[in-house]
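Taking it in order: structure first as structure tokens, then the write-up.
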Amino acid sequence: MSAKGGNGKKPASPAVNLIAGGGAGMMEALVCHPLDTIKVRMQLSRRATAPGVRTSQVYSCSRPTQNLTSVQVKPRGFITTGVEIVRKETAMGLYKGLGAVLGGIIPKMAIRFTSYEWYKQMLADKQTGAVTSKATFLAGLAAGVTEAVAVVNPMEVVKIRLQAQHHSLADPLDTPKYRSAPHALFTVIREEGFSTLYRGVSLTALRQGTNQAANFTAYTELKAFLQRSQPEYANSQLPSYQTTVIGLISGAVGPFSNAPIDTIKTRLQKTRAEPGQSAVSRIMAIANEMFKQEGARAFYKGITPRVMRVAPGQAVTFTVYEYLKGKLEASNWAFVGGKFEE
């Protein structure tokens, strides 16, 4: 199946992508960040057992082992995790790391949409300009990898360090190690080196690449289907509610396909590197430890809040992006001679 690139319209300019993509990303971050914080806390929770309980008291254990000296604890769900964060750290605890996200969201979204359009045009049929589903998938994959290397990985290292802190924002005497996103950035670089900002970059690139490949492909196919089904929108924007729905659907595809990658990446970026240990060996060690101590389900910790964060996030992103892009293009905004002109 193939889709005509942009319905014959000229691709959006980098300036339009900067404004529309940045605005969409800021709105997405503000709306969905609490779910991301809950997801990170769930992924970082390691304890599968509680100490000091005898074998006879083992929770939900069909074949108790006589040497057990602890009880298995039922993992906290996303609602329980969220309530606990609010109870211990106030509601603002759900927004830990938001500064790091907002600091990188504009370049991230600008790079995502601009590089996607560039890769898509590069892969389009030279004669007809048609873009196949395969080309859309590859363009999304490349755009995801590009944003991961350029912006996402350093931003996430800082964000995760902030989100992993369990201090109470209501208690001025409870001083955290990292006071803000800039402070966390400088502290990490000073104590662990600049390369720490790129810890787990291969996993981030793989996650972002698969996310955007699935995301853009699903969104493009669903959008083309709706435009074919509604001739009145064949060469114009879909209604915002339809953009929101297809953005929600397309955004839910990626998290299910790469949840283990995201969980391992979160653990990798939260901890310090051991001297002489390669990135691959650390990834394998984290994966082996998770499987042995917590079981296969550990790789899907935080999947519920992640889907609940990513899917609505993509719905918000595409809806706001399409809206702002339409307004900017209708106003004939352009970036000429180093400044915006209308």
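Order determines the names: the first chain of the structure tokens is A, the second B, and so forth; residues in each chain are numbered 1 upward, and ligands are numbered 1 upward as they are shown.
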Skip Phe78 of chain A itself and residues of its chain fewer than 5 positions away, then list as an MDAnalysis selection string all residues within 10 Å of it, counting only C-alpha atoms.
chainID A and resid 35 38:39 41:42 83:84 301:306
For the residues in that selection, give me C-alpha atoms as a PDB file, in the first residue's frame.
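Saved result, again_33.pdb, follows:
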ATOM      1  CA  LEU A  35       2.277   9.212  34.276  1.00  0.00           C
ATOM      2  CA  ILE A  38       4.888   6.806  37.951  1.00  0.00           C
ATOM      3  CA  LYS A  39       6.212   4.586  35.143  1.00  0.00           C
ATOM      4  CA  ARG A  41       9.189   4.592  39.809  1.00  0.00           C
ATOM      5  CA  MET A  42       7.540   1.273  38.888  1.00  0.00           C
ATOM      6  CA  VAL A  83      -1.017   7.795  45.420  1.00  0.00           C
ATOM      7  CA  GLU A  84       2.123   6.957  47.407  1.00  0.00           C
ATOM      8  CA  LYS A 301       6.921  -2.964  34.821  1.00  0.00           C
ATOM      9  CA  GLY A 302       5.304   0.388  34.205  1.00  0.00           C
ATOM     10  CA  ILE A 303       3.662  -0.734  30.937  1.00  0.00           C
ATOM     11  CA  THR A 304       0.222   0.521  32.036  1.00  0.00           C
ATOM     12  CA  PRO A 305       1.280   4.097  32.887  1.00  0.00           C
ATOM     13  CA  ARG A 306       3.613   4.085  29.873  1.00  0.00           C
TER      14      ARG A 306
END
Counting only C-alpha atoms, figure out which residue out of A:Thr136, A:Leu44, A:Ala143, A:Leu162 gets nearest to Leu98 of chain A.
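That would be A:Leu162, the residue with the smallest distance to Leu98 of chain A.
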Residue nearest Tyr321 of chain A among A:Ala252, A:Ala110, A:Ile85, A:Ile261 (counting only C-alpha atoms)
A:Ala110
Choose the residue, out of A:Phe194, A:Tyr119, A:Tyr95, A:Phe299, that has the smallest atom-to-atom separation from Ala181 of chain A; count only C-alpha atoms.
A:Tyr95
What's the 12 Å shell around segment 286-290 of chain A, counting only C-alpha atoms, without same-chain residues fewer than 6 positions away, as a JSON list (two decimals) with C-alpha atoms, in the first residue's frame?
[["chain", "number", "residue", "atom", "x", "y", "z"],
["A", 43, "GLN", "CA", 10.45, 0.33, 36.63],
["A", 44, "LEU", "CA", 12.98, 1.17, 39.35],
["A", 45, "SER", "CA", 11.20, -0.81, 42.07],
["A", 46, "ARG", "CA", 13.36, -3.87, 42.66],
["A", 47, "ARG", "CA", 12.10, -5.56, 45.82],
["A", 48, "ALA", "CA", 10.18, -8.72, 45.05],
["A", 200, "GLY", "CA", 22.03, 3.60, 27.29],
["A", 260, "PRO", "CA", 11.62, -4.55, 27.92],
["A", 261, "ILE", "CA", 14.01, -2.17, 26.16],
["A", 262, "ASP", "CA", 12.59, 0.82, 28.03],
["A", 263, "THR", "CA", 12.73, -0.89, 31.44],
["A", 264, "ILE", "CA", 16.36, -1.99, 31.01],
["A", 265, "LYS", "CA", 17.27, 1.50, 29.74],
["A", 266, "THR", "CA", 15.70, 3.12, 32.81],
["A", 267, "ARG", "CA", 17.70, 0.92, 35.20],
["A", 268, "LEU", "CA", 20.89, 1.48, 33.19],
["A", 269, "GLN", "CA", 20.58, 5.27, 33.22],
["A", 270, "LYS", "CA", 19.72, 5.46, 36.90],
["A", 271, "THR", "CA", 22.88, 3.74, 38.17],
["A", 273, "ALA", "CA", 28.84, 2.61, 35.66],
["A", 279, "ALA", "CA", 27.77, -1.01, 27.96],
["A", 280, "VAL", "CA", 26.81, -4.39, 26.51],
["A", 296, "ALA", "CA", 9.87, -12.08, 33.21],
["A", 297, "ARG", "CA", 7.09, -9.73, 34.32],
["A", 298, "ALA", "CA", 9.72, -7.28, 35.54],
["A", 299, "PHE", "CA", 10.47, -6.35, 31.93],
["A", 300, "TYR", "CA", 6.94, -4.99, 31.62],
["A", 301, "LYS", "CA", 6.92, -2.96, 34.82]]
Write out as a PyMOL selection string which residues come within 12 Å of Leu30 of chain A when counting only C-alpha atoms, dropping same-chain ones fewer than 6 positions away.
chain A and resi 23-24+36+94-99+101-102+105+309+312-313+316-317
Would you put the residues from that selection into a file with C-alpha atoms, as a PDB file, in the first residue's frame?
ATOM      1  CA  GLY A  23       4.218  23.726  20.995  1.00  0.00           C
ATOM      2  CA  ALA A  24       2.828  20.217  20.654  1.00  0.00           C
ATOM      3  CA  ASP A  36       5.902   9.124  33.155  1.00  0.00           C
ATOM      4  CA  LEU A  94       4.637  13.750  40.066  1.00  0.00           C
ATOM      5  CA  TYR A  95       6.344  16.540  38.117  1.00  0.00           C
ATOM      6  CA  LYS A  96       9.916  15.733  39.117  1.00  0.00           C
ATOM      7  CA  GLY A  97      12.155  15.950  36.064  1.00  0.00           C
ATOM      8  CA  LEU A  98       9.683  18.115  34.141  1.00  0.00           C
ATOM      9  CA  GLY A  99      12.299  20.835  33.704  1.00  0.00           C
ATOM     10  CA  VAL A 101      11.735  17.385  29.631  1.00  0.00           C
ATOM     11  CA  LEU A 102      10.667  20.937  28.816  1.00  0.00           C
ATOM     12  CA  ILE A 105      11.079  19.054  24.125  1.00  0.00           C
ATOM     13  CA  ARG A 309       1.276   8.337  29.010  1.00  0.00           C
ATOM     14  CA  PRO A 312      -2.570  10.270  25.060  1.00  0.00           C
ATOM     15  CA  GLY A 313       0.768  12.033  24.575  1.00  0.00           C
ATOM     16  CA  VAL A 316      -2.034  15.565  22.110  1.00  0.00           C
ATOM     17  CA  THR A 317       1.126  15.887  19.999  1.00  0.00           C
TER      18      THR A 317
END
Using only C-alpha atoms, determine which residues lie at most 10 Å from Val151 of chain A, disregarding the query and same-chain residues fewer than 2 positions distant; provide the list as a PyMOL selection string.
chain A and resi 103-109+111+146-149+153-156+198
May I have the selected residues written with all heavy atoms, as a compact mmCIF listing (two decimals), in the first residue's frame?
# COMPACT_ATOMS: atom_id res chain seq x y z
N GLY A 103 13.07 21.37 28.78
CA GLY A 103 14.30 21.91 28.21
C GLY A 103 14.69 21.25 26.90
O GLY A 103 15.39 21.85 26.08
N GLY A 104 14.24 20.01 26.70
CA GLY A 104 14.62 19.31 25.48
C GLY A 104 13.48 19.08 24.52
O GLY A 104 13.69 18.60 23.40
N ILE A 105 12.24 19.44 24.92
CA ILE A 105 11.08 19.05 24.12
C ILE A 105 10.99 19.81 22.80
O ILE A 105 10.58 19.25 21.79
CB ILE A 105 9.77 19.23 24.94
CG1 ILE A 105 8.68 18.32 24.38
CG2 ILE A 105 9.34 20.68 24.97
CD1 ILE A 105 8.84 16.88 24.70
N ILE A 106 11.40 21.09 22.80
CA ILE A 106 11.31 21.85 21.55
C ILE A 106 12.29 21.32 20.50
O ILE A 106 11.88 21.02 19.38
CB ILE A 106 11.51 23.36 21.81
CG1 ILE A 106 10.32 23.90 22.62
CG2 ILE A 106 11.66 24.13 20.50
CD1 ILE A 106 10.45 25.37 22.98
N PRO A 107 13.58 21.19 20.83
CA PRO A 107 14.48 20.60 19.82
C PRO A 107 14.11 19.17 19.47
O PRO A 107 14.26 18.74 18.32
CB PRO A 107 15.86 20.69 20.46
CG PRO A 107 15.62 20.89 21.91
CD PRO A 107 14.33 21.63 22.02
N LYS A 108 13.61 18.41 20.46
CA LYS A 108 13.23 17.02 20.20
C LYS A 108 12.13 16.96 19.15
O LYS A 108 12.22 16.20 18.17
CB LYS A 108 12.76 16.37 21.50
CG LYS A 108 12.11 15.00 21.31
CD LYS A 108 11.52 14.50 22.63
CE LYS A 108 10.68 13.25 22.43
NZ LYS A 108 10.09 12.77 23.70
N MET A 109 11.06 17.72 19.35
CA MET A 109 9.95 17.67 18.41
C MET A 109 10.32 18.29 17.07
O MET A 109 9.87 17.84 16.01
CB MET A 109 8.72 18.38 19.00
CG MET A 109 8.08 17.61 20.13
SD MET A 109 7.51 15.97 19.60
CE MET A 109 6.84 15.35 21.15
N ILE A 111 13.28 18.25 15.72
CA ILE A 111 14.10 17.24 15.04
C ILE A 111 13.24 16.08 14.56
O ILE A 111 13.41 15.58 13.45
CB ILE A 111 15.21 16.74 16.00
CG1 ILE A 111 16.27 17.82 16.19
CG2 ILE A 111 15.85 15.45 15.47
CD1 ILE A 111 17.26 17.52 17.28
N THR A 146 17.39 9.52 15.22
CA THR A 146 18.00 10.86 15.16
C THR A 146 17.67 11.65 16.41
O THR A 146 18.55 12.26 17.03
CB THR A 146 17.50 11.61 13.92
OG1 THR A 146 17.84 10.88 12.74
CG2 THR A 146 18.13 13.00 13.83
N GLU A 147 16.41 11.66 16.82
CA GLU A 147 16.03 12.44 18.01
C GLU A 147 16.63 11.83 19.28
O GLU A 147 16.96 12.55 20.21
CB GLU A 147 14.52 12.55 18.14
CG GLU A 147 13.81 11.28 18.53
CD GLU A 147 12.31 11.49 18.75
OE1 GLU A 147 11.77 12.51 18.29
OE2 GLU A 147 11.68 10.61 19.38
N ALA A 148 16.77 10.50 19.30
CA ALA A 148 17.33 9.84 20.47
C ALA A 148 18.78 10.27 20.71
O ALA A 148 19.17 10.58 21.84
CB ALA A 148 17.25 8.33 20.32
N VAL A 149 19.56 10.27 19.65
CA VAL A 149 20.98 10.61 19.76
C VAL A 149 21.17 12.10 20.00
O VAL A 149 22.00 12.51 20.82
CB VAL A 149 21.74 10.17 18.49
CG1 VAL A 149 23.20 10.63 18.54
CG2 VAL A 149 21.67 8.65 18.34
N ASN A 153 18.34 11.09 24.75
CA ASN A 153 19.12 10.35 25.75
C ASN A 153 19.68 11.24 26.86
O ASN A 153 19.48 10.93 28.05
CB ASN A 153 20.25 9.57 25.09
CG ASN A 153 20.67 8.37 25.91
OD1 ASN A 153 20.07 7.31 25.84
ND2 ASN A 153 21.72 8.53 26.71
N PRO A 154 20.36 12.35 26.55
CA PRO A 154 20.83 13.22 27.65
C PRO A 154 19.67 13.73 28.50
O PRO A 154 19.77 13.78 29.74
CB PRO A 154 21.52 14.37 26.91
CG PRO A 154 21.91 13.79 25.60
CD PRO A 154 20.84 12.82 25.24
N MET A 155 18.56 14.09 27.86
CA MET A 155 17.40 14.59 28.59
C MET A 155 16.85 13.53 29.54
O MET A 155 16.49 13.83 30.69
CB MET A 155 16.32 15.00 27.58
CG MET A 155 15.02 15.51 28.19
SD MET A 155 13.81 15.93 26.91
CE MET A 155 13.32 14.28 26.37
N GLU A 156 16.81 12.28 29.09
CA GLU A 156 16.25 11.22 29.93
C GLU A 156 17.16 10.83 31.08
O GLU A 156 16.68 10.46 32.14
CB GLU A 156 15.92 10.00 29.06
CG GLU A 156 14.76 10.23 28.12
CD GLU A 156 13.93 8.99 27.92
OE1 GLU A 156 14.43 7.88 28.18
OE2 GLU A 156 12.77 9.14 27.49
N TYR A 198 25.16 9.87 27.70
CA TYR A 198 24.86 8.96 26.58
C TYR A 198 24.86 7.51 27.01
O TYR A 198 24.96 6.61 26.18
CB TYR A 198 25.82 9.21 25.42
CG TYR A 198 25.43 10.45 24.65
CD1 TYR A 198 25.93 11.69 25.02
CD2 TYR A 198 24.50 10.38 23.62
CE1 TYR A 198 25.52 12.84 24.35
CE2 TYR A 198 24.10 11.52 22.95
CZ TYR A 198 24.61 12.74 23.32
OH TYR A 198 24.19 13.87 22.66
What gap, in Å, lies between atom CA of Ser240 of chain A and atom CA of Glu322 of chain A?
8.3 Å
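Coordinates place atom CA of Ser278 of chain A at a distance of 23.8 Å from atom CA of Val40 of chain A.
Shortest atom-to-atom contact with Gly247 of chain A among A:Thr204, A:Thr319, A:Gly276, A:Ser281: A:Thr319, counting only C-alpha atoms.
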Excluding segment 226-228 of chain A and residues on its chain fewer than 5 positions from it, collect all residues at most 9 Å away from it, counting only C-alpha atoms, and give them as JSON, numbers by chain.
{"A": [221, 233, 234, 235, 236, 237, 238, 242]}
Fewer than 2 positions away in the same chain doesn't count, so skip those; otherwise give me all residues within 10 Å of Leu324 of chain A, counting only C-alpha atoms, as a short mmCIF file (atom, residue, chain, number, x, y, z; two decimals) with N, CA, C and O atoms, in the first residue's frame.
data_model
loop_
_atom_site.label_atom_id
_atom_site.label_comp_id
_atom_site.auth_asym_id
_atom_site.auth_seq_id
_atom_site.Cartn_x
_atom_site.Cartn_y
_atom_site.Cartn_z
N VAL A 16 8.22 25.92 10.55
CA VAL A 16 6.88 25.47 10.96
C VAL A 16 6.99 24.28 11.90
O VAL A 16 6.29 24.19 12.91
N ASN A 17 7.89 23.34 11.58
CA ASN A 17 8.09 22.17 12.44
C ASN A 17 8.60 22.59 13.81
O ASN A 17 8.25 21.99 14.83
N ILE A 19 8.03 25.48 15.46
CA ILE A 19 6.97 26.10 16.26
C ILE A 19 5.87 25.11 16.58
O ILE A 19 5.47 24.94 17.74
N ALA A 20 5.36 24.43 15.53
CA ALA A 20 4.25 23.50 15.73
C ALA A 20 4.69 22.30 16.57
O ALA A 20 3.99 21.87 17.49
N GLY A 21 5.85 21.74 16.26
CA GLY A 21 6.35 20.59 17.01
C GLY A 21 6.70 20.95 18.44
O GLY A 21 6.40 20.20 19.37
N GLY A 23 5.46 23.48 20.26
CA GLY A 23 4.22 23.73 20.99
C GLY A 23 3.50 22.44 21.35
O GLY A 23 2.98 22.29 22.46
N ALA A 24 3.47 21.51 20.41
CA ALA A 24 2.83 20.22 20.65
C ALA A 24 3.56 19.45 21.75
O ALA A 24 2.93 18.84 22.63
N PHE A 318 -0.02 15.05 18.03
CA PHE A 318 -0.49 15.14 16.65
C PHE A 318 -1.61 16.18 16.50
O PHE A 318 -1.66 16.91 15.51
N THR A 319 -2.51 16.24 17.48
CA THR A 319 -3.61 17.20 17.41
C THR A 319 -3.09 18.63 17.43
O THR A 319 -3.46 19.46 16.58
N VAL A 320 -2.21 18.94 18.40
CA VAL A 320 -1.67 20.29 18.51
C VAL A 320 -0.76 20.61 17.33
O VAL A 320 -0.80 21.71 16.77
N TYR A 321 0.05 19.63 16.91
CA TYR A 321 0.96 19.84 15.77
C TYR A 321 0.17 20.15 14.51
O TYR A 321 0.48 21.11 13.79
N GLU A 322 -0.83 19.34 14.20
CA GLU A 322 -1.62 19.55 12.99
C GLU A 322 -2.35 20.90 13.05
O GLU A 322 -2.44 21.62 12.04
N GLY A 326 -1.36 23.93 10.55
CA GLY A 326 -2.39 24.47 9.67
C GLY A 326 -2.51 25.98 9.80
O GLY A 326 -2.63 26.69 8.80
N LYS A 327 -2.47 26.48 11.04
CA LYS A 327 -2.57 27.91 11.26
C LYS A 327 -1.37 28.66 10.68
O LYS A 327 -1.52 29.73 10.07
N LEU A 328 -0.17 28.10 10.88
CA LEU A 328 1.04 28.76 10.38
C LEU A 328 1.08 28.77 8.86
O LEU A 328 1.45 29.77 8.24
N GLU A 329 0.69 27.63 8.26
CA GLU A 329 0.69 27.56 6.80
C GLU A 329 -0.39 28.46 6.20
O GLU A 329 -0.19 29.07 5.15
N ALA A 330 -1.52 28.57 6.89
CA ALA A 330 -2.58 29.45 6.41
C ALA A 330 -2.16 30.91 6.49
O ALA A 330 -2.61 31.75 5.70
#
For atom CA of Phe137 of chain A and atom CA of Thr217 of chain A, the interatomic separation in Å (one decimal):
5.4 Å
Every residue of segment 186-259 of chain A that DSSP places in alpha helix (DSSP H), as JSON, numbers by chain:
{"A": [186, 187, 188, 189, 190, 191, 192, 201, 202, 203, 204, 205, 206, 207, 208, 209, 210, 211, 212, 213, 214, 215, 216, 217, 218, 219, 220, 221, 222, 223, 224, 225, 226, 227, 228, 229, 240, 241, 242, 243, 244, 245, 246, 247, 248, 249, 250, 251, 252, 253, 254, 255, 256, 257, 258, 259]}
